[in-house]
file work.cif (mmCIF, C-alpha atoms)
data_input
loop_
_atom_site.label_atom_id
_atom_site.label_comp_id
_atom_site.auth_asym_id
_atom_site.auth_seq_id
_atom_site.Cartn_x
_atom_site.Cartn_y
_atom_site.Cartn_z
CA MET V 1 104.13 94.78 94.80
CA LYS V 2 106.39 97.42 96.27
CA SER V 3 107.26 98.42 99.80
CA ARG V 4 109.66 100.88 101.33
CA ILE V 5 111.20 100.59 104.79
CA LYS V 6 112.92 103.56 106.37
CA LEU V 7 115.02 103.80 109.52
CA VAL V 8 113.63 106.35 111.95
CA GLU V 9 116.00 106.05 114.90
CA ASN V 10 117.81 103.41 116.89
CA MET V 11 116.10 100.14 115.74
CA GLN V 12 112.80 101.72 114.79
CA PHE V 13 111.70 101.41 111.17
CA ILE V 14 108.56 102.50 109.34
CA GLY V 15 107.34 100.35 106.47
CA THR V 16 104.94 101.65 103.84
CA ALA V 17 103.62 99.92 100.76
CA ASP V 18 101.22 100.30 97.84
CA SER V 19 98.17 100.57 100.09
CA GLY V 20 99.72 103.68 101.70
CA HIS V 21 99.54 102.44 105.27
CA GLY V 22 102.51 102.67 107.58
CA VAL V 23 103.68 100.02 110.00
CA VAL V 24 106.06 100.67 112.86
CA MET V 25 108.64 97.97 113.51
CA ASP V 26 111.09 97.83 116.38
CA ALA V 27 113.25 95.39 118.28
CA PRO V 28 112.85 94.58 121.99
CA PRO V 29 115.32 96.09 124.48
CA SER V 30 117.14 92.74 124.61
CA SER V 31 118.05 93.31 120.95
CA GLY V 32 118.90 96.97 121.34
CA GLY V 33 115.49 98.40 120.46
CA ASN V 34 112.78 100.26 122.37
CA ASN V 35 109.82 97.97 121.62
CA SER V 36 107.94 100.84 119.94
CA GLY V 37 106.40 98.58 117.30
CA SER V 38 105.93 95.05 116.05
CA LYS V 39 108.87 92.72 115.69
CA PRO V 40 109.34 91.79 112.02
CA SER V 41 109.12 88.08 112.77
CA GLU V 42 105.78 88.46 114.55
CA LEU V 43 104.60 90.64 111.67
CA LEU V 44 105.19 87.63 109.44
CA LEU V 45 102.89 85.49 111.60
CA MET V 46 100.21 88.22 111.70
CA ALA V 47 100.42 88.66 107.93
CA PHE V 48 99.79 84.94 107.57
CA GLY V 49 96.79 85.09 109.91
CA GLY V 50 95.32 88.15 108.21
CA CYS V 51 95.79 86.70 104.76
CA SER V 52 94.13 83.40 105.56
CA GLY V 53 91.49 85.07 107.73
CA MET V 54 90.34 87.25 104.83
CA ASP V 55 89.95 84.17 102.64
CA VAL V 56 88.10 82.17 105.26
CA ILE V 57 85.64 84.90 106.26
CA SER V 58 84.92 85.70 102.59
CA ILE V 59 84.14 82.08 101.85
CA LEU V 60 81.99 81.66 104.99
CA ARG V 61 80.00 84.78 104.08
CA LYS V 62 79.42 83.43 100.56
CA LYS V 63 78.16 80.24 102.19
CA LYS V 64 75.75 82.38 104.28
CA GLN V 65 77.32 81.37 107.55
CA ASP V 66 76.20 83.56 110.47
CA VAL V 67 79.60 84.35 112.00
CA THR V 68 79.53 86.63 115.04
CA ASN V 69 83.22 86.43 115.99
CA PHE V 70 86.28 85.19 114.21
CA GLU V 71 89.80 84.92 115.56
CA MET V 72 92.99 83.12 114.77
CA ASN V 73 95.98 82.16 116.87
CA VAL V 74 99.19 81.75 114.92
CA ASN V 75 102.19 80.24 116.67
CA GLY V 76 105.60 79.91 115.11
CA GLU V 77 108.55 77.85 116.24
CA ALA V 78 112.15 78.47 115.35
CA PRO V 79 115.44 77.03 116.62
CA ASP V 80 117.64 79.18 118.83
CA THR V 81 120.71 78.84 116.63
CA HIS V 82 121.54 80.75 113.43
CA PRO V 83 120.62 80.64 110.65
CA ARG V 84 117.14 80.69 112.19
CA SER V 85 113.93 80.29 110.26
CA PHE V 86 110.43 79.28 111.28
CA THR V 87 110.33 75.51 111.10
CA ASP V 88 106.73 74.97 112.24
CA ILE V 89 103.78 77.34 112.12
CA HIS V 90 100.41 76.39 113.55
CA ILE V 91 97.26 78.35 112.84
CA GLU V 92 94.14 77.83 114.92
CA TYR V 93 90.85 79.27 113.62
CA VAL V 94 88.12 80.04 116.16
CA VAL V 95 84.73 80.64 114.54
CA THR V 96 81.80 81.74 116.69
CA GLY V 97 78.26 82.01 115.35
CA ARG V 98 74.83 80.53 114.90
CA ASN V 99 74.34 77.19 113.14
CA ILE V 100 77.88 77.23 111.79
CA SER V 101 78.63 74.29 109.50
CA GLU V 102 81.88 72.66 110.54
CA ASP V 103 82.21 71.28 107.01
CA ALA V 104 82.00 74.80 105.61
CA VAL V 105 84.72 75.96 107.99
CA GLN V 106 86.96 73.02 107.15
CA ARG V 107 86.51 73.56 103.42
CA ALA V 108 87.13 77.31 103.67
CA ILE V 109 90.39 76.69 105.54
CA GLU V 110 91.50 74.11 102.97
CA LEU V 111 90.79 76.50 100.11
CA SER V 112 92.71 79.28 101.81
CA LEU V 113 95.78 77.28 102.77
CA GLY V 114 95.87 75.20 99.61
CA LYS V 115 95.05 77.86 97.05
CA TYR V 116 94.29 81.45 97.92
CA CYS V 117 96.54 82.66 100.72
CA MET V 118 99.69 84.01 99.11
CA VAL V 119 101.48 84.57 102.40
CA GLY V 120 100.78 80.96 103.41
CA THR V 121 101.97 79.48 100.12
CA THR V 122 105.13 81.60 100.26
CA ILE V 123 106.13 80.67 103.82
CA GLY V 124 104.75 77.13 103.53
CA LYS V 125 107.62 76.13 101.26
CA GLY V 126 110.05 76.68 104.11
CA ALA V 127 108.00 76.08 107.26
CA LYS V 128 105.67 73.19 108.02
CA ILE V 129 102.20 74.69 108.36
CA THR V 130 99.59 72.87 110.42
CA HIS V 131 96.10 74.00 111.29
CA SER V 132 93.17 73.32 113.57
CA PHE V 133 89.79 74.92 114.11
CA LYS V 134 87.22 75.35 116.81
CA VAL V 135 83.58 76.23 116.24
CA ILE V 136 81.67 77.90 119.06
CA GLN V 137 77.91 77.65 118.45
CA GLU V 138 75.82 80.43 119.95
CA GLY V 139 72.43 79.61 121.29
CA MET K 1 106.24 83.15 119.19
CA LYS K 2 102.51 83.75 119.42
CA SER K 3 100.17 86.08 117.59
CA ARG K 4 96.44 86.61 117.60
CA ILE K 5 94.41 87.99 114.71
CA LYS K 6 90.84 89.14 115.25
CA LEU K 7 88.19 90.15 112.75
CA VAL K 8 86.87 93.66 113.45
CA GLU K 9 84.41 94.17 110.61
CA ASN K 10 84.08 93.50 106.91
CA MET K 11 87.66 92.53 105.89
CA GLN K 12 89.41 94.45 108.64
CA PHE K 13 91.54 92.48 111.07
CA ILE K 14 93.74 93.49 113.98
CA GLY K 15 96.82 91.44 114.68
CA THR K 16 98.61 91.51 118.02
CA ALA K 17 101.61 89.53 119.17
CA ASP K 18 104.03 89.06 122.05
CA SER K 19 105.39 92.60 121.79
CA GLY K 20 101.86 93.92 122.45
CA HIS K 21 101.63 96.10 119.36
CA GLY K 22 98.59 96.00 117.13
CA VAL K 23 98.60 96.02 113.34
CA VAL K 24 95.55 96.84 111.23
CA MET K 25 95.11 94.73 108.11
CA ASP K 26 92.51 95.22 105.42
CA ALA K 27 91.83 94.33 101.80
CA PRO K 28 91.48 96.89 99.01
CA PRO K 29 87.97 97.71 97.72
CA SER K 30 88.64 95.46 94.69
CA SER K 31 88.76 92.53 97.12
CA GLY K 32 85.80 93.63 99.20
CA GLY K 33 87.68 95.62 101.83
CA ASN K 34 87.93 99.28 102.80
CA ASN K 35 91.74 99.73 102.59
CA SER K 36 91.86 100.74 106.25
CA GLY K 37 95.18 98.97 106.83
CA SER K 38 98.07 97.10 105.30
CA LYS K 39 97.46 94.20 102.95
CA PRO K 40 98.85 90.99 104.49
CA SER K 41 101.04 90.30 101.45
CA GLU K 42 102.67 93.72 101.63
CA LEU K 43 103.11 93.21 105.38
CA LEU K 44 105.22 90.18 104.51
CA LEU K 45 107.51 92.33 102.35
CA MET K 46 107.75 95.02 105.04
CA ALA K 47 108.53 92.39 107.68
CA PHE K 48 111.38 91.17 105.51
CA GLY K 49 112.73 94.70 105.06
CA GLY K 50 112.46 95.52 108.76
CA CYS K 51 114.09 92.26 109.77
CA SER K 52 117.06 92.64 107.47
CA GLY K 53 117.28 96.39 108.10
CA MET K 54 117.72 95.84 111.84
CA ASP K 55 120.57 93.40 111.18
CA VAL K 56 122.32 95.65 108.69
CA ILE K 57 122.12 98.84 110.74
CA SER K 58 123.31 97.00 113.86
CA ILE K 59 126.34 95.64 112.03
CA LEU K 60 127.15 99.00 110.41
CA ARG K 61 126.99 100.70 113.81
CA LYS K 62 129.32 98.09 115.29
CA LYS K 63 131.69 98.85 112.41
CA LYS K 64 131.51 102.57 113.35
CA GLN K 65 129.95 103.55 110.04
CA ASP K 66 128.51 107.08 110.10
CA VAL K 67 125.07 106.37 108.60
CA THR K 68 122.76 109.41 108.28
CA ASN K 69 119.91 107.75 106.38
CA PHE K 70 118.98 104.15 105.67
CA GLU K 71 116.16 102.87 103.53
CA MET K 72 115.18 99.71 101.74
CA ASN K 73 112.93 99.02 98.81
CA VAL K 74 111.45 95.55 98.76
CA ASN K 75 109.64 94.42 95.64
CA GLY K 76 107.82 91.13 95.34
CA GLU K 77 106.59 89.36 92.25
CA ALA K 78 103.86 86.76 92.13
CA PRO K 79 101.96 85.13 89.27
CA ASP K 80 98.35 86.14 88.67
CA THR K 81 97.03 82.60 88.87
CA HIS K 82 96.27 80.53 91.98
CA PRO K 83 97.89 79.10 93.96
CA ARG K 84 99.88 82.32 94.10
CA SER K 85 103.07 82.77 96.06
CA PHE K 86 105.91 85.25 95.84
CA THR K 87 108.36 83.80 93.30
CA ASP K 88 110.93 86.61 93.31
CA ILE K 89 111.67 89.17 96.00
CA HIS K 90 114.25 91.88 95.48
CA ILE K 91 115.58 94.02 98.29
CA GLU K 92 117.52 97.19 97.59
CA TYR K 93 119.43 98.80 100.47
CA VAL K 94 120.18 102.54 100.24
CA VAL K 95 122.77 103.68 102.77
CA THR K 96 123.58 107.38 103.10
CA GLY K 97 126.39 108.69 105.27
CA ARG K 98 129.93 109.91 105.57
CA ASN K 99 132.90 107.76 104.49
CA ILE K 100 130.73 104.67 104.28
CA SER K 101 132.67 101.52 103.41
CA GLU K 102 130.98 99.67 100.57
CA ASP K 103 132.67 96.49 101.74
CA ALA K 104 131.13 96.91 105.19
CA VAL K 105 127.69 97.36 103.63
CA GLN K 106 128.12 94.33 101.39
CA ARG K 107 129.28 92.19 104.29
CA ALA K 108 126.47 93.35 106.58
CA ILE K 109 123.89 92.45 103.93
CA GLU K 110 125.44 89.03 103.39
CA LEU K 111 125.41 88.32 107.13
CA SER K 112 121.79 89.37 107.41
CA LEU K 113 120.47 87.44 104.42
CA GLY K 114 122.65 84.41 104.94
CA LYS K 115 122.44 84.05 108.69
CA TYR K 116 120.54 86.47 110.92
CA CYS K 117 117.29 87.50 109.27
CA MET K 118 114.67 84.95 110.26
CA VAL K 119 111.98 86.38 107.99
CA GLY K 120 114.36 86.19 105.03
CA THR K 121 115.45 82.63 105.71
CA THR K 122 111.81 81.56 106.12
CA ILE K 123 110.53 83.11 102.89
CA GLY K 124 113.77 82.47 100.99
CA LYS K 125 113.04 78.76 100.85
CA GLY K 126 110.02 79.48 98.65
CA ALA K 127 110.88 82.72 96.88
CA LYS K 128 114.10 83.62 95.11
CA ILE K 129 115.62 86.52 97.02
CA THR K 130 117.97 88.90 95.25
CA HIS K 131 119.56 92.07 96.60
CA SER K 132 121.41 95.19 95.57
CA PHE K 133 122.70 98.21 97.42
CA LYS K 134 123.49 101.83 96.80
CA VAL K 135 125.78 103.97 98.94
CA ILE K 136 125.27 107.74 98.92
CA GLN K 137 128.35 109.49 100.30
CA GLU K 138 127.70 112.83 101.94
CA GLY K 139 130.29 115.58 101.60
#
call {"tool": "encode", "arguments": {"input": "work.cif", "output": "structure tokens"}}
result
Amino acid sequence: MKSRIKLVENMQFIGTADSGHGVVMDAPPSSGGNNSGSKPSELLLMAFGGCSGMDVISILRKKKQDVTNFEMNVNGEAPDTHPRSFTDIHIEYVVTGRNISEDAVQRAIELSLGKYCMVGTTIGKGAKITHSFKVIQEG
Amino acid sequence: MKSRIKLVENMQFIGTADSGHGVVMDAPPSSGGNNSGSKPSELLLMAFGGCSGMDVISILRKKKQDVTNFEMNVNGEAPDTHPRSFTDIHIEYVVTGRNISEDAVQRAIELSLGKYCMVGTTIGKGAKITHSFKVIQEG
């Protein structure tokens, strides 16, 4: 898997990869940037959420779960001193739908985090990943 | 650091984080998506490149290096079998400019990968990270 990252100006970079889509990255003003795009470290957390989210929704659809909304909150903690790395990452899954099986949700999350999600398995060797989920049943 | 990832439709997700910028993620058709956005795993590689790129360009500017173009190629390798994770990630830095000091480039990369780049230190505990650089001197 290949990606290319090119400096545009100041601290703004554009990343592109095999899929052909571009992503703008920038630093906040406090780090000399203009906040014109995502911070790389938050991109890491979003990549983790997207990766696991795709697994979980695929599995829930196969299990014929009637999901009407699906969101994740991914929070990462890192120390303030260098060399910094994420030490703890928590992912919360919020599944809304009709007659959602909590067991199905739990199992889908376990399969994603334990087996399918490549971003999770890569970062999970360095950071402690914890998870929780909430099911909102619609009437 | 907080991020939120929301399912839009099919396998398309939007991630947003503290900086306020949104990132579209999608799976390729071979995985049931519509390729409307970056794959999460390639986002991880781009995040790494952006993170280290910001460090390196900042350091080179402090060292008064006259950089006219700066790019990185980040390649990740992962086995085909589950549980998959990136095993090897190579980052190549390509610095173009006038009278660029190769020692300054080498030192900037070492500082980034060894100390400053949080994405690199997080994923480097699971994947083996290697690097190389190329300096293109302009006349």
call {"tool": "residues_around", "arguments": {"input": "work.cif", "residues": "Arg61 in chain K", "least_positions_apart": "4", "cutoff": "12 Å", "atoms": "all atoms listed in the file", "output": "number ranges by chain"}}
result
V: 10-11, 32; K: 54-57, 65-68, 70, 97, 100-101, 104-105, 108
call {"tool": "atom_distance", "arguments": {"input": "work.cif", "atom1": "CA of Met118 in chain V", "atom2": "CA of Gly15 in chain V"}}
result
19.5 Å
call {"tool": "atom_distance", "arguments": {"input": "work.cif", "atom1": "CA of Pro40 in chain V", "atom2": "CA of Glu42 in chain K"}}
result
12.5 Å
call {"tool": "closest_residue", "arguments": {"input": "work.cif", "among": "V:Val119, V:Leu113, V:Val135, V:Val95", "to": "chain K", "atoms": "all atoms listed in the file"}}
result
V:Val119
call {"tool": "atom_distance", "arguments": {"input": "work.cif", "atom1": "CA of Asn35 in chain K", "atom2": "CA of Lys2 in chain K"}}
result
25.6 Å
call {"tool": "closest_residue", "arguments": {"input": "work.cif", "among": "K:Ser112, K:Ser58, K:Asn99, K:Ser41", "to": "Glu138 in chain K", "atoms": "all atoms listed in the file"}}
result
K:Asn99
call {"tool": "residues_around", "arguments": {"input": "work.cif", "residues": "Leu45 in chain K", "least_positions_apart": "2", "cutoff": "10 Å", "atoms": "all atoms listed in the file", "output": "ChimeraX atom specification"}}
result
/V:1-5,15-17,40,43-44,47,119 /K:40-43,47-51,73-76,86,89-91,119-120,123
call {"tool": "resolve_selection", "arguments": {"input": "work.cif", "expression": "the PyMOL selection byres ((chain V and resi 126) around 6)", "output": "list in words"}}
result
Ile123, Gly124, Lys125 and Ala127 of chain V; Thr122 and Lys125 of chain K
call {"tool": "resolve_selection", "arguments": {"input": "work.cif", "expression": "the PyMOL selection byres ((chain K and resi 37) around 10)", "output": "VMD selection string"}}
result
(chain V and resid 19 to 23) or (chain K and resid 11 to 14 23 to 28 33 to 36 38 to 40 43)
call {"tool": "closest_residue", "arguments": {"input": "work.cif", "among": "V:Glu71, V:Asp18, V:Asp103, V:Glu9", "to": "chain K", "atoms": "only C-alpha atoms"}}
result
V:Glu71
call {"tool": "closest_residue", "arguments": {"input": "work.cif", "among": "K:Lys63, K:Arg98, K:Lys128, K:Arg107", "to": "chain V", "atoms": "all atoms listed in the file"}}
result
K:Lys128
call {"tool": "axis_aligned_box", "arguments": {"input": "work.cif", "around": "range 21-31 of chain K", "padding_each_side": "8 Å", "output": "AutoDock Vina command-line options"}}
result
--center_x 94.8 --center_y 95.1 --center_z 107.0 --size_x 29.7 --size_y 21.2 --size_z 40.7
call {"tool": "closest_residue", "arguments": {"input": "work.cif", "among": "K:Ser52, K:Leu111, K:Ile129, K:Ser30", "to": "His82 in chain V", "atoms": "only C-alpha atoms"}}
result
K:Leu111
